[in-house]
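Single-structure report; data block below.
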Amino acid sequence: MALRSRHTSHSQASIITLYDTHVQHGYSAQSWAPNIWRIRFILNYKQLPYKTVWVEFADVETTLRSIGAPPSVIRSDGRSVYSLPVLIDPTNTPYTPVILSNTNNISEYLESRYPSPAVFPAGSRALQSLFAHYIQEVFAKPLLPIMVPISHQQLSDRSQRHLRNNPSSLSAAYNPQGYSSSNPLPLGPQREQAWLAVKEQFDFIDTIMAKNVGDGDGIVIMGREVSYADFVLCSILLWIVHIAPQDWARVRNWNGGRWERLWERCKPYMQEH
């Protein structure tokens, strides 16, 4: 079983553990999946000590069952689906730690358990949740034909073989809509056409965020301070940066450089542990 842990200087038995998948860049493992980066952003923003356990796609279900993690989804046929991220928090009750799956459940838990600083300012949780749903289900959809095949290519050989043989096991960590990684990457004019569809979504969000100019800084969703909504959006930017850096060169300059400015605002919370 290919499990690796990235350690911090804190006592390993008493800090939060985040289960994640990675790509290998040189000698280091790198987190890249957008739904997992949402959780990293929250942990970093709240300055919560944590460690990472890396899990190969082929080992996700076995690993998560072994630690007693709940399934992230139960299908209509009753089948349990296990996917990343998973978080274990032993800080309050080390003998019966809290074990959570599903990005939304983990986000809600961290905000309730560690309320300061808040990622959901008072009265904003419903609207931010709606924004996050839009980003995942609508905004990111045109990116899937580009990003899913590229992401697949950068996984380990073992994970690639597993996904070819088990296409339904693609993790909700980066492909919640079930786009097949075996679909060919669009090339040439088709690739440029795909990026035009992506840009339409960025243009729309740009017009929404521009409404904050005057009573906000025009960079972040909630006016002047970063919040969960910014982390959701910046997680998509991180996906592009880590998996398709050559395409970040185009995205960063769209909409008058808005996305690079958002990146810079979120950059202090991009540490990996």
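So you can find residues: chains in the structure tokens are A, B, ... in the order shown, residues in each start at 1, and ligands are numbered from 1 in order.
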Sel. of helix (DSSP H, G or I) residues, stretch 24-228 of chain A, as a VMD selection string: chain A and resid 34 to 45 57 to 66 103 to 113 125 to 139 141 to 154 157 to 165 167 to 169 188 to 212 228
Leaving out stretch 126-130 of chain A and any residue of its chain fewer than 6 positions from it, which residues lie within 10 Å of it when counting only C-alpha atoms, given as a list in words? Asn104, Val119, Phe120, Ile221, Met222, Ser227, Tyr228, Ala229, Asp230 and Val232 of chain A
Output file for the selection above: C-alpha atoms, as a CSV table (one decimal), in the first residue's frame:
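Here's the written file out.csv:
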```
chain,number,residue,atom,x,y,z
A,104,ASN,CA,-18.4,20.1,2.6
A,119,VAL,CA,-14.1,31.6,6.8
A,120,PHE,CA,-17.8,32.0,6.9
A,221,ILE,CA,-15.7,37.8,-2.8
A,222,MET,CA,-16.8,39.1,0.6
A,227,SER,CA,-13.3,33.9,2.9
A,228,TYR,CA,-14.3,30.3,2.0
A,229,ALA,CA,-15.6,31.5,-1.4
A,230,ASP,CA,-12.2,32.8,-2.3
A,232,VAL,CA,-13.0,27.6,-3.4
```
Go through stretch 46-268 of chain A and collect every residue that DSSP, computed from the backbone, puts in strand (DSSP E or B); the answer should be as a list in words.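 Matching residues for strand (DSSP E or B) in stretch 46-268 of chain A are Tyr50, Lys51, Thr52, Val53, Trp54, Val55, Val73, Ile74, Ser80, Val81, Val86, Leu87, Ile88, Asp89, Val98, Ile99, Leu100, Ser101, Val213 and Gly216 of chain A.
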So that I have them on file, write out the residues from the current selection with C-alpha atoms, as a compact mmCIF listing (two decimals), in the first residue's frame.
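Resulting contents of again_34.txt:
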```txt
# COMPACT_ATOMS: atom_id res chain seq x y z
CA TYR A 50 -1.74 19.21 10.70
CA LYS A 51 0.07 16.49 8.82
CA THR A 52 -0.60 14.94 5.43
CA VAL A 53 -0.91 11.27 4.55
CA TRP A 54 -0.59 10.69 0.81
CA VAL A 55 -2.75 7.94 -0.67
CA VAL A 73 -21.28 9.21 -0.94
CA ILE A 74 -23.82 6.40 -0.78
CA SER A 80 -20.66 3.14 -0.58
CA VAL A 81 -18.15 5.34 -2.41
CA VAL A 86 -10.64 12.65 4.67
CA LEU A 87 -9.73 14.43 7.90
CA ILE A 88 -8.99 12.99 11.35
CA ASP A 89 -9.06 15.35 14.32
CA VAL A 98 -13.41 12.77 14.80
CA ILE A 99 -13.14 11.18 11.34
CA LEU A 100 -14.82 13.01 8.45
CA SER A 101 -15.11 12.61 4.70
CA VAL A 213 -15.56 47.73 -6.25
CA GLY A 216 -14.81 46.39 -1.17
```
Nearest candidate to A:Asp203 (options A:Ser112, A:Gln47, A:Asn255, A:Thr17; using only C-alpha atoms):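 Between A:Ser112, A:Gln47, A:Asn255, A:Thr17, the residue approaching A:Asp203 most closely is A:Asn255.
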Min atom-atom distance to A:Val226 from the set A:Trp32, A:Tyr134, A:Phe139, A:Tyr269, counting only C-alpha atoms, belongs to A:Tyr269
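Between A:Pro245 and the candidates A:Leu84, A:Leu155, A:Ala118, A:Ile150, the tightest atom-to-atom separation, counting only C-alpha atoms, involves A:Ile150.
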Of the listed residues A:Ile67, A:Leu237, A:Met147, A:Leu262, that which approaches A:Trp37 most closely, counting only C-alpha atoms: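 Smallest separation from A:Trp37 among the options: A:Leu237.
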